[in-house]
2 protein chains.
Amino acid sequence: MKISKLYGIGVGPGDPELLTLKAYEVLKKVDMIVAPRSGEGKRSLALRTIEQFIEERKENKPLILEPLFPMTKNEKELKSYWEKAKHEVLERRGGCETIAFITLGDPSLYSTFYKFLDFFEEEVEEVEIIPGVTSFSACSALAKVPIAEGHEIVSIIPDVKEDHTALRVIQNSDSLIFLKPKNTDAIKNMLGNKKAILGVKIGFEDQKLVLGKLTEIKEPTHYLSTLIIKKEDIGTEPRDSTRL
Amino acid sequence: MKISKLYGIGVGPGDPELLTLKAYEVLKKVDMIVAPRSGEGKRSLALRTIEQFIEERKENKPLILEPLFPMTKNEKELKSYWEKAKHEVLERRGGCETIAFITLGDPSLYSTFYKFLDFFEEEVEEVEIIPGVTSFSACSALAKVPIAEGHEIVSIIPDVKEDHTALRVIQNSDSLIFLKPKNTDAIKNMLGNKKAILGVKIGFEDQKLVLGKLTEIKEPTHYLSTLIIKKEDIGTEPRDSTRL
C-alpha cells in the first residue's frame with residue numbers, strides 16, 4: 001500500500017520558534033519523521049530544531065528515522081545512500097501512513113528534500129511542501145540590517161568560484177548572499193573592502209553574528225554560515241545591543 | 001516615555017498558517033499593531049493575514065493602526081506619509097508599551113519596515129525583528145519545483161529594467177526570481193522560451209499558480225506576483241494534482 005501523504009517541511013534556520021504554525025501542526029500528528037544527517041555519530045540539525053515538539057507528543061510518538069547522507073559530490077555514492085534511505089523507510093514504516101521529511105531552512109533553496117522526492121515519489125499518493133524561514137532572513141533580522149530595499153538586485157551564491165559567471169553576477173548585484181562560504185579569500189578578492197554581515201549557526205543557541213568590514217572577517221569554519229555583503233555602506237554596529 | 005519594544009514582524013506570504021510560532025506569540029500579547037496599507041479604502045494584506053489571531057484575543061485587544069503609504073516613488077511625498085504615521089502612533093499610543101509593525105513576507109527583502117524604523121528608532125528602547133516566509137519560497141512549495149539545487153546561482157530582481165546591470169545578472173544566474181513583474185515582455189525578450197512558474201497572490205484564498213513556457217505566460221496584473229524562471233528545463237505540470 002502506498003504512503004498516503006509525504007510532507008516536505010522547512011523547519012527554518014534552527015530556532016524552534018521560527019517554525020511555521022503549519023509545520024508545527026503537521027509534526028504534531030505525522031506518523032513518521034525522516035531527518036537526514038550528514039555523518040555517523042552526528043545528529044540531524046533539523047531534528048534538533050523540532051525535538052521539543054516531538055517530546056510534547058505524549059502518546060502516539062512518531063517513528064523517527066535519521067538516514068545518513070554524507071557530504072560527498074560523488075553522485076554514484078550519493079545515489080546508493082538515497083536508495084538505502086528509501087529501503088529503510090519502506091521496510092520500517094509498519095502502519096505509518098504519513099511521513100514528514102524535514103530540512104533546515106526552506107525546501108526551495110539547496111535542500112535535500114527534492115532529491116528524496118525523486119527517489120520516493122512513486123511510493124506516495126500525495127505530496128505537500130511547507131516552506132520555511134531561510135538562514136539569510138534570520139541573519140538579517142538579527143543584524144537588524146535589510147538585505148535589499150527598493151530596486152536593489154540580490155544574488156544568492158552557494159559556492160564561491162572565481163569564474164566569469166559568478167564574477168559577473170557578483171559585480172552587477174547590489175547585495176550578495178554567500179551560503180556556507182568556505183573561501184572568503186576569494187570573496188575578498190572580488191569585493192574588496194565592503195561592509196559585511198556574517199552569521200554562524202544563526203537560530204541555534206551558540207549562534208554568532210559579526211558585523212564589520214569584509215576584510216576584517218575571519219574565515220568562517222562552520223558549514224552553517226551565511227555571509228551577506230552590501231555594496232552600499234551599512235553600519236558596522238547592530239542597531240541596538242542585542243544578545244550576541 | 002519611550003516605547004519599550006518595537007517588533008518588526010514578517011507575517012509570511014498571506015496564508016495565516018505560514019506565520020512563525022514566534023510571530024504568533026508576539027501578536028497574542030502586543031499592545032499595538034501597525035499595519036501599512038497602500039491605498040485609501042484598501043485593507044492591509046498583512047493585517048488580513050493575521051486577523052484571525054487578533055480575533056482570538058478575547059480580552060485585552062490590541063490597538064490597530066493602518067497608516068497609509070501610497071505606492072509613489074516621490075521620496076518627499078513618502079517622507080510626509082512616514083512622518084504622519086509616526087505622529088499618529090505617538091498620539092494614539094496611550095498606555096501601549098509594545099508595538100508590532102507587520103509586513104507581508106520577510107522584513108529583510110523589500111519591506112517597508114526598515115523605513116518605519118528609520119523614522120521611529122529614537123522613540124523605542126529595544127527593537128526585535130522576526131523573519132518570515134518569503135513569497136518565492138511559498139510559490140516554489142506550491143509548484144513543487146525547487147528554485148535552486150547544488151551550485152546554482154539565484155538572483156532576485158524586484159524591478160525589470162533592460163539595462164546592462166540587470167542583463168548581466170540575468171544572463172549569468174541559473175535561476176531568477178522576479179517580484180511584482182510589471183513588464184513580462186522585457187523578461188521574455190531577455191530569456192526567450194524558458195520554463196517558468198508564475199504565482200499570483202500565493203498564500204491567499206484566491207491564489208493562482210501557472211507552470212509553463214515563459215512565452216505562454218500572460219502579463220500578471222496583480223502586484224502580489226512572483227515569477228520564477230529556471231534556465232534548465234522543469235516539468236510543465238505540478239508533480240501531482242494540487243488545489244490550484
# chains A, B, ... in the order shown; residues from 1 in each chain; ligands from 1
call {"tool": "interface_residues", "arguments": {"of": "chain B", "to": "chain A", "cutoff": "8 Å", "atoms": "only C-alpha atoms", "output": "JSON, numbers by chain"}}
result
{"B": [17, 18, 19, 20, 21, 22, 106, 107, 108, 109, 110, 111, 114, 126, 127, 128, 129, 130, 131, 132, 133, 134, 137, 138, 140, 141, 142, 144, 145, 146, 147, 148, 149, 150, 151, 152, 153, 154, 155, 156, 157, 158, 159, 165, 166, 168, 169, 172, 173, 240]}
call {"tool": "residues_around", "arguments": {"residues": "region 88-100 of chain B", "least_positions_apart": "3", "cutoff": "9 Å", "atoms": "only C-alpha atoms", "output": "number ranges by chain"}}
result
B: 2-9, 26-27, 29-35, 62-63, 65, 67, 83-85, 123
call {"tool": "select_by_dssp", "arguments": {"residues": "region 115-236 of chain B", "states": "helix (DSSP H, G or I)", "output": "tab-separated table (two decimals) with all heavy atoms, in the first residue's frame"}}
result
chain	number	residue	atom	x	y	z
B	115	LYS	N	12.10	51.35	6.67
B	115	LYS	CA	11.78	52.78	6.52
B	115	LYS	C	11.10	53.27	7.81
B	115	LYS	O	11.42	54.33	8.34
B	115	LYS	CB	10.82	52.99	5.34
B	115	LYS	CG	11.52	53.21	4.02
B	115	LYS	CD	11.88	54.67	3.82
B	115	LYS	CE	12.34	54.93	2.40
B	115	LYS	NZ	13.73	54.56	2.19
B	116	PHE	N	10.15	52.49	8.29
B	116	PHE	CA	9.46	52.84	9.53
B	116	PHE	C	10.47	52.96	10.68
B	116	PHE	O	10.42	53.90	11.47
B	116	PHE	CB	8.40	51.77	9.84
B	116	PHE	CG	7.58	52.06	11.07
B	116	PHE	CD1	6.54	52.98	11.03
B	116	PHE	CD2	7.84	51.40	12.27
B	116	PHE	CE1	5.78	53.25	12.16
B	116	PHE	CE2	7.08	51.66	13.41
B	116	PHE	CZ	6.05	52.60	13.34
B	117	LEU	N	11.40	52.03	10.72
B	117	LEU	CA	12.41	52.01	11.78
B	117	LEU	C	13.28	53.27	11.73
B	117	LEU	O	13.60	53.86	12.77
B	117	LEU	CB	13.27	50.74	11.67
B	117	LEU	CG	14.29	50.48	12.77
B	117	LEU	CD1	13.62	50.44	14.14
B	117	LEU	CD2	15.05	49.19	12.52
B	118	ASP	N	13.64	53.70	10.52
B	118	ASP	CA	14.44	54.92	10.38
B	118	ASP	C	13.76	56.11	11.06
B	118	ASP	O	14.39	56.92	11.72
B	118	ASP	CB	14.65	55.26	8.89
B	118	ASP	CG	15.72	54.39	8.26
B	118	ASP	OD1	16.50	53.77	9.00
B	118	ASP	OD2	15.75	54.31	7.02
B	119	PHE	N	12.46	56.20	10.87
B	119	PHE	CA	11.71	57.32	11.43
B	119	PHE	C	11.41	57.13	12.91
B	119	PHE	O	11.19	58.08	13.63
B	119	PHE	CB	10.38	57.50	10.67
B	119	PHE	CG	10.54	58.25	9.40
B	119	PHE	CD1	10.92	57.60	8.24
B	119	PHE	CD2	10.34	59.62	9.35
B	119	PHE	CE1	11.10	58.29	7.06
B	119	PHE	CE2	10.52	60.32	8.18
B	119	PHE	CZ	10.90	59.66	7.03
B	120	PHE	N	11.39	55.89	13.35
B	120	PHE	CA	10.80	55.59	14.65
B	120	PHE	C	11.82	55.16	15.70
B	120	PHE	O	11.51	55.09	16.88
B	120	PHE	CB	9.76	54.47	14.44
B	120	PHE	CG	8.59	54.61	15.35
B	120	PHE	CD1	7.62	55.58	15.11
B	120	PHE	CD2	8.46	53.81	16.46
B	120	PHE	CE1	6.55	55.74	15.95
B	120	PHE	CE2	7.38	53.96	17.32
B	120	PHE	CZ	6.43	54.93	17.06
B	121	GLU	N	13.05	54.90	15.26
B	121	GLU	CA	14.04	54.29	16.15
B	121	GLU	C	14.26	55.07	17.45
B	121	GLU	O	14.39	54.47	18.53
B	121	GLU	CB	15.37	54.14	15.41
B	121	GLU	CG	16.28	53.14	16.06
B	121	GLU	CD	17.38	52.69	15.12
B	121	GLU	OE1	17.57	53.30	14.05
B	121	GLU	OE2	18.05	51.70	15.46
B	122	GLU	N	14.29	56.39	17.36
B	122	GLU	CA	14.57	57.18	18.56
B	122	GLU	C	13.45	57.12	19.60
B	122	GLU	O	13.65	57.52	20.74
B	122	GLU	CB	14.83	58.65	18.15
B	122	GLU	CG	13.63	59.30	17.49
B	122	GLU	CD	13.97	60.58	16.73
B	122	GLU	OE1	15.13	60.70	16.29
B	122	GLU	OE2	13.09	61.44	16.60
B	123	GLU	N	12.29	56.60	19.19
B	123	GLU	CA	11.16	56.54	20.11
B	123	GLU	C	11.10	55.23	20.90
B	123	GLU	O	10.25	55.06	21.76
B	123	GLU	CB	9.82	56.69	19.35
B	123	GLU	CG	9.74	57.88	18.42
B	123	GLU	CD	9.77	59.21	19.17
B	123	GLU	OE1	9.43	59.22	20.37
B	123	GLU	OE2	10.14	60.23	18.55
B	135	SER	N	7.50	35.09	-0.34
B	135	SER	CA	6.53	34.68	-1.36
B	135	SER	C	7.14	33.66	-2.32
B	135	SER	O	6.47	32.74	-2.78
B	135	SER	CB	6.04	35.90	-2.15
B	135	SER	OG	7.09	36.45	-2.90
B	136	PHE	N	8.45	33.81	-2.60
B	136	PHE	CA	9.03	32.87	-3.57
B	136	PHE	C	9.19	31.46	-2.99
B	136	PHE	O	9.04	30.47	-3.71
B	136	PHE	CB	10.32	33.41	-4.21
B	136	PHE	CG	11.40	33.86	-3.28
B	136	PHE	CD1	12.26	32.95	-2.68
B	136	PHE	CD2	11.58	35.21	-3.00
B	136	PHE	CE1	13.28	33.37	-1.84
B	136	PHE	CE2	12.60	35.65	-2.14
B	136	PHE	CZ	13.45	34.73	-1.57
B	137	SER	N	9.46	31.38	-1.67
B	137	SER	CA	9.51	30.06	-1.04
B	137	SER	C	8.14	29.39	-1.12
B	137	SER	O	8.03	28.19	-1.41
B	137	SER	CB	9.93	30.17	0.43
B	137	SER	OG	11.26	30.59	0.55
B	138	ALA	N	7.08	30.18	-0.87
B	138	ALA	CA	5.72	29.64	-0.90
B	138	ALA	C	5.33	29.24	-2.32
B	138	ALA	O	4.66	28.23	-2.54
B	138	ALA	CB	4.74	30.66	-0.34
B	139	CYS	N	5.75	30.02	-3.28
B	139	CYS	CA	5.44	29.77	-4.69
B	139	CYS	C	6.10	28.47	-5.16
B	139	CYS	O	5.46	27.61	-5.79
B	139	CYS	CB	5.93	30.97	-5.48
B	139	CYS	SG	5.37	31.05	-7.15
B	140	SER	N	7.37	28.31	-4.82
B	140	SER	CA	8.10	27.09	-5.16
B	140	SER	C	7.48	25.87	-4.48
B	140	SER	O	7.34	24.80	-5.10
B	140	SER	CB	9.57	27.25	-4.73
B	140	SER	OG	10.21	26.02	-4.58
B	141	ALA	N	7.09	26.02	-3.21
B	141	ALA	CA	6.49	24.90	-2.47
B	141	ALA	C	5.19	24.45	-3.12
B	141	ALA	O	4.94	23.25	-3.28
B	141	ALA	CB	6.23	25.32	-1.02
B	142	LEU	N	4.38	25.41	-3.54
B	142	LEU	CA	3.10	25.07	-4.16
B	142	LEU	C	3.30	24.39	-5.52
B	142	LEU	O	2.60	23.46	-5.89
B	142	LEU	CB	2.25	26.34	-4.31
B	142	LEU	CG	0.78	26.12	-4.60
B	142	LEU	CD1	0.08	25.38	-3.47
B	142	LEU	CD2	0.08	27.46	-4.83
B	143	ALA	N	4.30	24.87	-6.25
B	143	ALA	CA	4.60	24.30	-7.57
B	143	ALA	C	5.33	22.96	-7.45
B	143	ALA	O	5.39	22.19	-8.40
B	143	ALA	CB	5.44	25.27	-8.38
B	164	HIS	N	22.13	47.26	-18.62
B	164	HIS	CA	23.24	46.32	-18.69
B	164	HIS	C	23.45	45.56	-17.39
B	164	HIS	O	23.77	44.38	-17.39
B	164	HIS	CB	24.54	47.06	-19.07
B	164	HIS	CG	24.53	47.48	-20.49
B	164	HIS	ND1	24.48	46.56	-21.52
B	164	HIS	CD2	24.52	48.69	-21.07
B	164	HIS	CE1	24.45	47.21	-22.67
B	164	HIS	NE2	24.47	48.50	-22.43
B	165	THR	N	23.27	46.26	-16.25
B	165	THR	CA	23.49	45.63	-14.96
B	165	THR	C	22.55	44.44	-14.77
B	165	THR	O	22.98	43.32	-14.51
B	165	THR	CB	23.27	46.67	-13.83
B	165	THR	OG1	24.13	47.76	-14.06
B	165	THR	CG2	23.56	46.07	-12.48
B	166	ALA	N	21.26	44.72	-14.92
B	166	ALA	CA	20.27	43.65	-14.75
B	166	ALA	C	20.50	42.54	-15.77
B	166	ALA	O	20.41	41.35	-15.46
B	166	ALA	CB	18.86	44.22	-14.89
B	167	LEU	N	20.82	42.93	-17.00
B	167	LEU	CA	21.01	41.95	-18.07
B	167	LEU	C	22.15	40.98	-17.75
B	167	LEU	O	22.03	39.77	-17.95
B	167	LEU	CB	21.29	42.69	-19.39
B	167	LEU	CG	21.08	41.87	-20.66
B	167	LEU	CD1	19.65	41.37	-20.76
B	167	LEU	CD2	21.42	42.70	-21.89
B	168	ARG	N	23.25	41.50	-17.22
B	168	ARG	CA	24.39	40.63	-16.88
B	168	ARG	C	24.04	39.67	-15.75
B	168	ARG	O	24.46	38.52	-15.75
B	168	ARG	CB	25.62	41.47	-16.49
B	168	ARG	CG	26.26	42.04	-17.74
B	168	ARG	CD	27.68	42.50	-17.52
B	168	ARG	NE	28.04	43.34	-18.67
B	168	ARG	CZ	28.07	44.66	-18.63
B	168	ARG	NH1	27.83	45.30	-17.51
B	168	ARG	NH2	28.37	45.34	-19.71
B	169	VAL	N	23.27	40.16	-14.79
B	169	VAL	CA	22.84	39.28	-13.69
B	169	VAL	C	21.92	38.19	-14.26
B	169	VAL	O	22.07	37.00	-13.96
B	169	VAL	CB	22.12	40.08	-12.57
B	169	VAL	CG1	21.49	39.14	-11.56
B	169	VAL	CG2	23.10	41.02	-11.89
B	170	ILE	N	20.98	38.60	-15.09
B	170	ILE	CA	20.02	37.66	-15.67
B	170	ILE	C	20.73	36.61	-16.53
B	170	ILE	O	20.44	35.42	-16.45
B	170	ILE	CB	18.94	38.42	-16.47
B	170	ILE	CG1	18.03	39.20	-15.49
B	170	ILE	CG2	18.12	37.49	-17.36
B	170	ILE	CD1	17.14	40.22	-16.14
B	171	GLN	N	21.70	37.06	-17.32
B	171	GLN	CA	22.41	36.13	-18.20
B	171	GLN	C	23.26	35.11	-17.44
B	171	GLN	O	23.46	34.00	-17.92
B	171	GLN	CB	23.34	36.92	-19.15
B	171	GLN	CG	22.60	37.54	-20.33
B	171	GLN	CD	23.46	38.54	-21.08
B	171	GLN	OE1	24.44	39.04	-20.54
B	171	GLN	NE2	23.08	38.83	-22.31
B	172	ASN	N	23.75	35.49	-16.28
B	172	ASN	CA	24.71	34.64	-15.58
B	172	ASN	C	24.16	33.90	-14.36
B	172	ASN	O	24.91	33.23	-13.66
B	172	ASN	CB	25.94	35.47	-15.20
B	172	ASN	CG	26.75	35.89	-16.43
B	172	ASN	OD1	27.41	35.06	-17.05
B	172	ASN	ND2	26.63	37.14	-16.81
B	184	THR	N	6.51	41.74	-18.29
B	184	THR	CA	6.98	40.40	-18.66
B	184	THR	C	7.49	40.35	-20.10
B	184	THR	O	8.27	39.47	-20.44
B	184	THR	CB	5.88	39.32	-18.47
B	184	THR	OG1	4.67	39.80	-19.00
B	184	THR	CG2	5.70	38.97	-17.01
B	185	ASP	N	7.09	41.31	-20.93
B	185	ASP	CA	7.63	41.35	-22.29
B	185	ASP	C	9.14	41.53	-22.27
B	185	ASP	O	9.88	40.87	-23.01
B	185	ASP	CB	6.99	42.49	-23.09
B	185	ASP	CG	5.59	42.12	-23.54
B	185	ASP	OD1	5.26	40.91	-23.52
B	185	ASP	OD2	4.81	43.02	-23.88
B	186	ALA	N	9.61	42.40	-21.38
B	186	ALA	CA	11.06	42.62	-21.27
B	186	ALA	C	11.76	41.34	-20.81
B	186	ALA	O	12.82	40.99	-21.32
B	186	ALA	CB	11.34	43.75	-20.29
B	187	ILE	N	11.13	40.64	-19.88
B	187	ILE	CA	11.72	39.39	-19.38
B	187	ILE	C	11.76	38.35	-20.51
B	187	ILE	O	12.74	37.64	-20.70
B	187	ILE	CB	10.93	38.85	-18.17
B	187	ILE	CG1	10.93	39.89	-17.03
B	187	ILE	CG2	11.52	37.54	-17.66
B	187	ILE	CD1	10.04	39.54	-15.86
B	188	LYS	N	10.67	38.28	-21.28
B	188	LYS	CA	10.63	37.34	-22.41
B	188	LYS	C	11.71	37.67	-23.43
B	188	LYS	O	12.35	36.78	-23.99
B	188	LYS	CB	9.25	37.38	-23.06
B	188	LYS	CG	8.18	36.66	-22.23
B	188	LYS	CD	6.78	36.88	-22.79
B	188	LYS	CE	5.75	36.39	-21.78
B	188	LYS	NZ	4.37	36.76	-22.16
B	189	ASN	N	11.91	38.96	-23.69
B	189	ASN	CA	12.96	39.37	-24.62
B	189	ASN	C	14.32	38.91	-24.16
B	189	ASN	O	15.16	38.50	-24.96
B	189	ASN	CB	12.98	40.90	-24.77
B	189	ASN	CG	11.81	41.40	-25.60
B	189	ASN	OD1	11.16	40.62	-26.31
B	189	ASN	ND2	11.52	42.68	-25.48
B	190	MET	N	14.53	38.97	-22.85
B	190	MET	CA	15.85	38.63	-22.32
B	190	MET	C	16.07	37.13	-22.21
B	190	MET	O	17.17	36.63	-22.40
B	190	MET	CB	16.04	39.28	-20.95
B	190	MET	CG	16.27	40.77	-21.03
B	190	MET	SD	16.62	41.50	-19.41
B	190	MET	CE	14.97	41.85	-18.84
B	191	LEU	N	14.99	36.39	-21.90
B	191	LEU	CA	15.18	34.99	-21.54
B	191	LEU	C	14.64	33.99	-22.55
B	191	LEU	O	14.82	32.78	-22.38
B	191	LEU	CB	14.57	34.72	-20.16
B	191	LEU	CG	15.44	35.25	-19.03
B	191	LEU	CD1	14.66	35.32	-17.74
B	191	LEU	CD2	16.68	34.37	-18.86
B	214	LEU	N	7.69	30.31	-20.61
B	214	LEU	CA	7.65	31.74	-20.32
B	214	LEU	C	6.84	32.50	-21.36
B	214	LEU	O	6.05	33.39	-21.01
B	214	LEU	CB	9.09	32.27	-20.26
B	214	LEU	CG	9.30	33.75	-20.00
B	214	LEU	CD1	8.63	34.20	-18.72
B	214	LEU	CD2	10.79	34.08	-19.96
B	215	THR	N	6.99	32.14	-22.62
B	215	THR	CA	6.28	32.87	-23.68
B	215	THR	C	4.76	32.70	-23.61
B	215	THR	O	4.02	33.50	-24.14
B	215	THR	CB	6.76	32.41	-25.07
B	215	THR	OG1	6.78	30.98	-25.08
B	215	THR	CG2	8.13	32.94	-25.38
B	216	GLU	N	4.34	31.62	-22.95
B	216	GLU	CA	2.89	31.37	-22.87
B	216	GLU	C	2.24	32.05	-21.66
B	216	GLU	O	1.02	32.06	-21.53
B	216	GLU	CB	2.64	29.86	-22.77
B	216	GLU	CG	2.92	29.12	-24.06
B	216	GLU	CD	3.09	27.62	-23.83
B	216	GLU	OE1	2.96	27.16	-22.69
B	216	GLU	OE2	3.36	26.92	-24.83
call {"tool": "closest_atom_pairs", "arguments": {"of": "region 10-71 of chain B", "to": "region 78-81 of chain B", "cutoff": "9 Å", "atoms": "only C-alpha atoms", "output": "CSV"}}
result
residue,atom,partner,partner_atom,distance
B:Pro67,CA,B:Tyr81,CA,8.1
B:Leu68,CA,B:Tyr81,CA,7.0
B:Phe69,CA,B:Tyr81,CA,6.2
B:Pro70,CA,B:Leu78,CA,7.6
B:Met71,CA,B:Leu78,CA,8.6
call {"tool": "write_last_selection", "arguments": {"atoms": "N, CA, C and O atoms", "output": "PDB file, in the first residue's frame"}}
result
ATOM      1  N   PRO B  67      -1.729  52.939   8.930  1.00  0.00           N
ATOM      2  CA  PRO B  67      -1.308  54.141   8.210  1.00  0.00           C
ATOM      3  C   PRO B  67      -1.199  53.905   6.700  1.00  0.00           C
ATOM      4  O   PRO B  67      -0.948  52.788   6.243  1.00  0.00           O
ATOM      5  N   LEU B  68      -1.394  54.979   5.973  1.00  0.00           N
ATOM      6  CA  LEU B  68      -1.404  54.920   4.515  1.00  0.00           C
ATOM      7  C   LEU B  68      -0.006  55.184   3.947  1.00  0.00           C
ATOM      8  O   LEU B  68       0.633  56.162   4.293  1.00  0.00           O
ATOM      9  N   PHE B  69       0.467  54.285   3.087  1.00  0.00           N
ATOM     10  CA  PHE B  69       1.718  54.516   2.360  1.00  0.00           C
ATOM     11  C   PHE B  69       1.480  54.262   0.891  1.00  0.00           C
ATOM     12  O   PHE B  69       1.608  53.138   0.422  1.00  0.00           O
ATOM     13  N   PRO B  70       1.095  55.295   0.159  1.00  0.00           N
ATOM     14  CA  PRO B  70       0.766  55.078  -1.256  1.00  0.00           C
ATOM     15  C   PRO B  70       2.002  54.636  -2.042  1.00  0.00           C
ATOM     16  O   PRO B  70       3.130  54.921  -1.646  1.00  0.00           O
ATOM     17  N   MET B  71       1.768  53.897  -3.115  1.00  0.00           N
ATOM     18  CA  MET B  71       2.891  53.406  -3.929  1.00  0.00           C
ATOM     19  C   MET B  71       3.411  54.522  -4.837  1.00  0.00           C
ATOM     20  O   MET B  71       3.138  54.537  -6.037  1.00  0.00           O
TER      21      MET B  71
END
call {"tool": "select_by_dssp", "arguments": {"residues": "region 6-171 of chain A", "states": "strand (DSSP E)", "output": "list in words"}}
result
Leu6, Tyr7, Gly8, Ile9, Gly10, Met32, Ile33, Val34, Leu63, Ile64, Leu65, Thr98, Ile99, Ala100, Phe101, Ile102, Thr103, Val124, Glu125, Glu126, Val127, Glu128, Ile129, Ile130, Val154, Ser155, Ile156 and Ile157 of chain A
call {"tool": "residues_around", "arguments": {"residues": "Leu198 (chain A)", "least_positions_apart": "6", "cutoff": "6 Å", "atoms": "only C-alpha atoms", "output": "PyMOL selection string"}}
result
chain A and resi 209-210+226-227
